[in-house]
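Colleague: I am sharing work.cif, which consists of mmCIF, N, CA and C atoms:
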```
data_final
#
loop_
_atom_site.group_PDB
_atom_site.id
_atom_site.type_symbol
_atom_site.label_atom_id
_atom_site.label_comp_id
_atom_site.auth_asym_id
_atom_site.auth_seq_id
_atom_site.Cartn_x
_atom_site.Cartn_y
_atom_site.Cartn_z
ATOM 1 N N MET A 1 15.634 10.208 20.402
ATOM 2 C CA MET A 1 15.725 11.653 20.283
ATOM 3 C C MET A 1 16.954 12.053 19.473
ATOM 4 N N ALA A 2 16.819 13.073 18.728
ATOM 5 C CA ALA A 2 17.915 13.578 17.902
ATOM 6 C C ALA A 2 18.599 14.748 18.607
ATOM 7 N N ASP A 3 19.861 14.906 18.324
ATOM 8 C CA ASP A 3 20.628 16.015 18.886
ATOM 9 C C ASP A 3 20.646 17.181 17.900
ATOM 10 N N VAL A 4 20.659 18.382 18.423
ATOM 11 C CA VAL A 4 20.779 19.569 17.588
ATOM 12 C C VAL A 4 22.048 19.427 16.752
ATOM 13 N N GLY A 5 21.933 19.737 15.469
ATOM 14 C CA GLY A 5 23.065 19.647 14.553
ATOM 15 C C GLY A 5 23.037 18.409 13.675
ATOM 16 N N ILE A 6 22.239 17.418 14.038
ATOM 17 C CA ILE A 6 22.162 16.198 13.244
ATOM 18 C C ILE A 6 21.346 16.451 11.976
ATOM 19 N N GLU A 7 21.675 15.726 10.929
ATOM 20 C CA GLU A 7 20.983 15.867 9.645
ATOM 21 C C GLU A 7 20.342 14.530 9.300
ATOM 22 N N ASN A 8 19.090 14.565 8.844
ATOM 23 C CA ASN A 8 18.430 13.317 8.464
ATOM 24 C C ASN A 8 18.868 12.894 7.061
ATOM 25 N N ARG A 9 18.403 11.750 6.613
ATOM 26 C CA ARG A 9 18.832 11.204 5.318
ATOM 27 C C ARG A 9 18.375 12.044 4.127
ATOM 28 N N ASN A 10 17.467 12.984 4.365
ATOM 29 C CA ASN A 10 16.955 13.859 3.307
ATOM 30 C C ASN A 10 17.604 15.236 3.320
ATOM 31 N N GLY A 11 18.659 15.385 4.103
ATOM 32 C CA GLY A 11 19.402 16.650 4.131
ATOM 33 C C GLY A 11 18.762 17.743 4.954
ATOM 34 N N GLN A 12 17.914 17.371 5.910
ATOM 35 C CA GLN A 12 17.268 18.352 6.765
ATOM 36 C C GLN A 12 17.968 18.359 8.118
ATOM 37 N N LYS A 13 18.473 19.514 8.513
ATOM 38 C CA LYS A 13 19.276 19.632 9.722
ATOM 39 C C LYS A 13 18.450 20.198 10.867
ATOM 40 N N LEU A 14 18.563 19.584 12.028
ATOM 41 C CA LEU A 14 17.893 20.069 13.237
ATOM 42 C C LEU A 14 18.723 21.210 13.802
ATOM 43 N N ILE A 15 18.147 22.418 13.790
ATOM 44 C CA ILE A 15 18.908 23.564 14.288
ATOM 45 C C ILE A 15 18.437 24.065 15.643
ATOM 46 N N ARG A 16 17.207 23.735 16.028
ATOM 47 C CA ARG A 16 16.728 24.184 17.341
ATOM 48 C C ARG A 16 15.504 23.371 17.754
ATOM 49 N N LYS A 17 15.404 23.068 19.044
ATOM 50 C CA LYS A 17 14.220 22.422 19.613
ATOM 51 C C LYS A 17 13.462 23.467 20.407
ATOM 52 N N THR A 18 12.154 23.448 20.317
ATOM 53 C CA THR A 18 11.342 24.381 21.104
ATOM 54 C C THR A 18 10.507 23.587 22.110
ATOM 55 N N THR A 19 9.871 24.296 23.011
ATOM 56 C CA THR A 19 8.951 23.667 23.960
ATOM 57 C C THR A 19 7.511 23.764 23.477
ATOM 58 N N GLU A 20 7.321 24.386 22.327
ATOM 59 C CA GLU A 20 5.985 24.531 21.742
ATOM 60 C C GLU A 20 5.442 23.163 21.331
ATOM 61 N N ARG A 21 4.184 22.929 21.619
ATOM 62 C CA ARG A 21 3.558 21.659 21.245
ATOM 63 C C ARG A 21 3.325 21.580 19.745
ATOM 64 N N GLY A 22 3.604 20.409 19.189
ATOM 65 C CA GLY A 22 3.318 20.157 17.780
ATOM 66 C C GLY A 22 1.872 19.749 17.618
ATOM 67 N N ASN A 23 1.506 19.297 16.424
ATOM 68 C CA ASN A 23 0.120 18.904 16.204
ATOM 69 C C ASN A 23 -0.082 17.390 16.242
ATOM 70 N N HIS A 24 0.921 16.664 16.723
ATOM 71 C CA HIS A 24 0.808 15.237 17.005
ATOM 72 C C HIS A 24 0.936 15.052 18.510
ATOM 73 N N ARG A 25 0.315 14.026 19.027
ATOM 74 C CA ARG A 25 0.361 13.765 20.461
ATOM 75 C C ARG A 25 1.812 13.612 20.928
ATOM 76 N N PHE A 26 2.170 14.322 21.940
ATOM 77 C CA PHE A 26 3.490 14.325 22.579
ATOM 78 C C PHE A 26 4.597 14.966 21.738
ATOM 79 N N ALA A 27 4.298 15.447 20.552
ATOM 80 C CA ALA A 27 5.328 16.057 19.702
ATOM 81 C C ALA A 27 5.602 17.496 20.133
ATOM 82 N N ARG A 28 6.817 17.937 19.899
ATOM 83 C CA ARG A 28 7.225 19.319 20.086
ATOM 84 C C ARG A 28 7.612 19.879 18.724
ATOM 85 N N VAL A 29 7.631 21.180 18.615
ATOM 86 C CA VAL A 29 8.037 21.829 17.368
ATOM 87 C C VAL A 29 9.554 21.937 17.354
ATOM 88 N N TRP A 30 10.143 21.465 16.279
ATOM 89 C CA TRP A 30 11.575 21.600 16.054
ATOM 90 C C TRP A 30 11.784 22.483 14.834
ATOM 91 N N ILE A 31 12.855 23.222 14.814
ATOM 92 C CA ILE A 31 13.204 24.083 13.694
ATOM 93 C C ILE A 31 14.261 23.353 12.864
ATOM 94 N N LEU A 32 13.944 23.156 11.592
ATOM 95 C CA LEU A 32 14.824 22.442 10.674
ATOM 96 C C LEU A 32 15.331 23.395 9.599
ATOM 97 N N LYS A 33 16.441 23.016 8.971
ATOM 98 C CA LYS A 33 17.015 23.809 7.888
ATOM 99 C C LYS A 33 17.429 22.875 6.768
ATOM 100 N N CYS A 34 17.009 23.198 5.562
ATOM 101 C CA CYS A 34 17.352 22.400 4.390
ATOM 102 C C CYS A 34 18.812 22.660 4.004
ATOM 103 N N SER A 35 19.562 21.596 3.773
ATOM 104 C CA SER A 35 20.971 21.742 3.395
ATOM 105 C C SER A 35 21.138 22.196 1.945
ATOM 106 N N ILE A 36 20.080 22.126 1.146
ATOM 107 C CA ILE A 36 20.157 22.530 -0.264
ATOM 108 C C ILE A 36 19.780 23.999 -0.451
ATOM 109 N N CYS A 37 18.569 24.370 -0.020
ATOM 110 C CA CYS A 37 18.096 25.735 -0.268
ATOM 111 C C CYS A 37 18.235 26.654 0.946
ATOM 112 N N LYS A 38 18.604 26.089 2.083
ATOM 113 C CA LYS A 38 18.833 26.842 3.331
ATOM 114 C C LYS A 38 17.561 27.383 3.972
ATOM 115 N N ARG A 39 16.402 26.936 3.506
ATOM 116 C CA ARG A 39 15.139 27.359 4.115
ATOM 117 C C ARG A 39 15.022 26.783 5.523
ATOM 118 N N GLU A 40 14.561 27.600 6.463
ATOM 119 C CA GLU A 40 14.259 27.155 7.816
ATOM 120 C C GLU A 40 12.752 27.025 7.950
ATOM 121 N N TYR A 41 12.328 25.979 8.644
ATOM 122 C CA TYR A 41 10.892 25.747 8.807
ATOM 123 C C TYR A 41 10.646 24.923 10.056
ATOM 124 N N GLU A 42 9.387 24.898 10.484
ATOM 125 C CA GLU A 42 8.985 24.150 11.664
ATOM 126 C C GLU A 42 8.478 22.773 11.268
ATOM 127 N N ALA A 43 8.722 21.794 12.152
ATOM 128 C CA ALA A 43 8.228 20.441 11.929
ATOM 129 C C ALA A 43 7.963 19.789 13.285
ATOM 130 N N ASN A 44 7.120 18.789 13.291
ATOM 131 C CA ASN A 44 6.905 18.012 14.500
ATOM 132 C C ASN A 44 8.147 17.174 14.786
ATOM 133 N N SER A 45 8.499 17.086 16.049
ATOM 134 C CA SER A 45 9.674 16.308 16.437
ATOM 135 C C SER A 45 9.561 14.852 15.986
ATOM 136 N N CYS A 46 8.369 14.309 16.002
ATOM 137 C CA CYS A 46 8.185 12.900 15.626
ATOM 138 C C CYS A 46 8.368 12.657 14.128
ATOM 139 N N ASP A 47 8.396 13.709 13.330
ATOM 140 C CA ASP A 47 8.539 13.572 11.875
ATOM 141 C C ASP A 47 9.957 13.834 11.377
ATOM 142 N N PHE A 48 10.859 14.229 12.265
ATOM 143 C CA PHE A 48 12.192 14.654 11.829
ATOM 144 C C PHE A 48 12.890 13.625 10.949
ATOM 145 N N HIS A 49 12.838 12.376 11.324
ATOM 146 C CA HIS A 49 13.580 11.337 10.607
ATOM 147 C C HIS A 49 13.164 11.179 9.144
ATOM 148 N N GLU A 50 11.933 11.605 8.806
ATOM 149 C CA GLU A 50 11.448 11.415 7.440
ATOM 150 C C GLU A 50 11.144 12.716 6.692
ATOM 151 N N ARG A 51 11.407 13.853 7.312
ATOM 152 C CA ARG A 51 11.066 15.140 6.685
ATOM 153 C C ARG A 51 11.864 15.405 5.423
ATOM 154 N N HIS A 52 11.178 16.022 4.480
ATOM 155 C CA HIS A 52 11.778 16.583 3.266
ATOM 156 C C HIS A 52 11.567 18.077 3.324
ATOM 157 N N CYS A 53 12.337 18.829 2.575
ATOM 158 C CA CYS A 53 12.175 20.272 2.502
ATOM 159 C C CYS A 53 10.815 20.605 1.886
ATOM 160 N N PRO A 54 10.113 21.602 2.413
ATOM 161 C CA PRO A 54 8.854 22.034 1.806
ATOM 162 C C PRO A 54 9.061 22.539 0.367
ATOM 163 N N ASN A 55 10.279 22.945 0.031
ATOM 164 C CA ASN A 55 10.602 23.437 -1.310
ATOM 165 C C ASN A 55 11.200 22.363 -2.217
ATOM 166 N N ARG A 56 11.147 21.111 -1.839
ATOM 167 C CA ARG A 56 11.896 20.089 -2.583
ATOM 168 C C ARG A 56 11.528 19.995 -4.052
ATOM 169 N N ASP A 57 10.316 20.350 -4.422
ATOM 170 C CA ASP A 57 9.929 20.338 -5.837
ATOM 171 C C ASP A 57 10.578 21.468 -6.613
ATOM 172 N N LYS A 58 11.111 22.461 -5.912
ATOM 173 C CA LYS A 58 11.744 23.625 -6.553
ATOM 174 C C LYS A 58 13.265 23.499 -6.592
ATOM 175 N N HIS A 59 13.823 22.453 -5.998
ATOM 176 C CA HIS A 59 15.291 22.272 -5.977
ATOM 177 C C HIS A 59 15.773 21.862 -7.342
#
```
Starting from the file, give its structure as structure tokens.
Modeller:
Amino acid sequence: MADVGIENRNGQKLIRKTTERGNHRFARVWILKCSICKREYEANSCDFHERHCPNRDKH
């Protein structure tokens, strides 16, 4: 499990964990923030370690 405030290798920071179910088995929705464009978005908790910004092609 990751702690709030940690950033993955792709510059995506975990800013909040929710209790909302994700779309993968046992996953929860986490709120991430891109360190480059500052966009906030939702992601499955199980994908945090490999997530890229949804806007990465526009950086």
Colleague: Would you compute the distance between CA of Ser45 in chain A and atom N of Asp57 in chain A? Give it in Å to one decimal.
Modeller: 21.3 Å
Colleague: What residues come out when you apply the PyMOL selection byres ((chain A and resi 13) around 6) to this file, written as a ChimeraX atom specification?
Modeller: /A:5-8,11-12,14-15,31-35
Colleague: Just how far from CA of Glu42 in chain A is CA of His24 in chain A, in Å to one decimal?
Modeller: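 For CA of His24 in chain A relative to CA of Glu42 in chain A, the distance reads 13.2 Å.
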Colleague: Which of these, A:Glu50, A:Tyr41, A:Val29, A:Arg56, has the shortest distance to Lys17 in chain A once you count all atoms listed in the file?
Modeller: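 Using all atoms listed in the file, the shortest distance to Lys17 in chain A belongs to A:Val29.
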Colleague: Given the file shown, enumerate the residues that the PyMOL selection byres ((chain A and resi 46) around 8) captures and present them as a count of residues only.
Modeller: 15
Colleague: Write down as a list of chain:residue names the residues belonging to chain A that are assigned helix (DSSP H, G or I) by DSSP computed on the backbone.
Modeller: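 Reading the DSSP output for chain A, helix (DSSP H, G or I) covers A:Ser45, A:Cys46, A:Asp47, A:Phe48, A:His49, A:Glu50, A:Arg56, A:Asp57, A:Lys58.
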Colleague: Taking all atoms listed in the file into account, name the residue in A:Cys37, A:Arg21, A:Asp3, A:Arg16 that is nearest to His59 in chain A.
Modeller: A:Cys37
Colleague: In Å, with one decimal, what is the gap from CA of Ile36 in chain A to CA of Thr19 in chain A?
Modeller: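 Between these atoms lies a distance of 26.7 Å.
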Colleague: Just asking: which residues within chain A are strand (DSSP E or B) according to DSSP, as a short mmCIF file (atom, residue, chain, number, x, y, z; two decimals) with N, CA and C atoms, in the coordinates of the input?
Modeller:
```
data_model
loop_
_atom_site.label_atom_id
_atom_site.label_comp_id
_atom_site.auth_asym_id
_atom_site.auth_seq_id
_atom_site.Cartn_x
_atom_site.Cartn_y
_atom_site.Cartn_z
N GLU A 7 21.68 15.73 10.93
CA GLU A 7 20.98 15.87 9.64
C GLU A 7 20.34 14.53 9.30
N GLN A 12 17.91 17.37 5.91
CA GLN A 12 17.27 18.35 6.76
C GLN A 12 17.97 18.36 8.12
N LYS A 13 18.47 19.51 8.51
CA LYS A 13 19.28 19.63 9.72
C LYS A 13 18.45 20.20 10.87
N LEU A 14 18.56 19.58 12.03
CA LEU A 14 17.89 20.07 13.24
C LEU A 14 18.72 21.21 13.80
N ILE A 15 18.15 22.42 13.79
CA ILE A 15 18.91 23.56 14.29
C ILE A 15 18.44 24.06 15.64
N ARG A 16 17.21 23.74 16.03
CA ARG A 16 16.73 24.18 17.34
C ARG A 16 15.50 23.37 17.75
N LYS A 17 15.40 23.07 19.04
CA LYS A 17 14.22 22.42 19.61
C LYS A 17 13.46 23.47 20.41
N THR A 18 12.15 23.45 20.32
CA THR A 18 11.34 24.38 21.10
C THR A 18 10.51 23.59 22.11
N THR A 19 9.87 24.30 23.01
CA THR A 19 8.95 23.67 23.96
C THR A 19 7.51 23.76 23.48
N GLU A 20 7.32 24.39 22.33
CA GLU A 20 5.98 24.53 21.74
C GLU A 20 5.44 23.16 21.33
N ARG A 21 4.18 22.93 21.62
CA ARG A 21 3.56 21.66 21.24
C ARG A 21 3.32 21.58 19.74
N ARG A 28 6.82 17.94 19.90
CA ARG A 28 7.22 19.32 20.09
C ARG A 28 7.61 19.88 18.72
N VAL A 29 7.63 21.18 18.61
CA VAL A 29 8.04 21.83 17.37
C VAL A 29 9.55 21.94 17.35
N TRP A 30 10.14 21.46 16.28
CA TRP A 30 11.58 21.60 16.05
C TRP A 30 11.78 22.48 14.83
N ILE A 31 12.86 23.22 14.81
CA ILE A 31 13.20 24.08 13.69
C ILE A 31 14.26 23.35 12.86
N LEU A 32 13.94 23.16 11.59
CA LEU A 32 14.82 22.44 10.67
C LEU A 32 15.33 23.40 9.60
N LYS A 33 16.44 23.02 8.97
CA LYS A 33 17.02 23.81 7.89
C LYS A 33 17.43 22.88 6.77
N CYS A 34 17.01 23.20 5.56
CA CYS A 34 17.35 22.40 4.39
C CYS A 34 18.81 22.66 4.00
N GLU A 40 14.56 27.60 6.46
CA GLU A 40 14.26 27.16 7.82
C GLU A 40 12.75 27.02 7.95
N TYR A 41 12.33 25.98 8.64
CA TYR A 41 10.89 25.75 8.81
C TYR A 41 10.65 24.92 10.06
N GLU A 42 9.39 24.90 10.48
CA GLU A 42 8.98 24.15 11.66
C GLU A 42 8.48 22.77 11.27
N ALA A 43 8.72 21.79 12.15
CA ALA A 43 8.23 20.44 11.93
C ALA A 43 7.96 19.79 13.28
N ASN A 44 7.12 18.79 13.29
CA ASN A 44 6.90 18.01 14.50
C ASN A 44 8.15 17.17 14.79
#
```
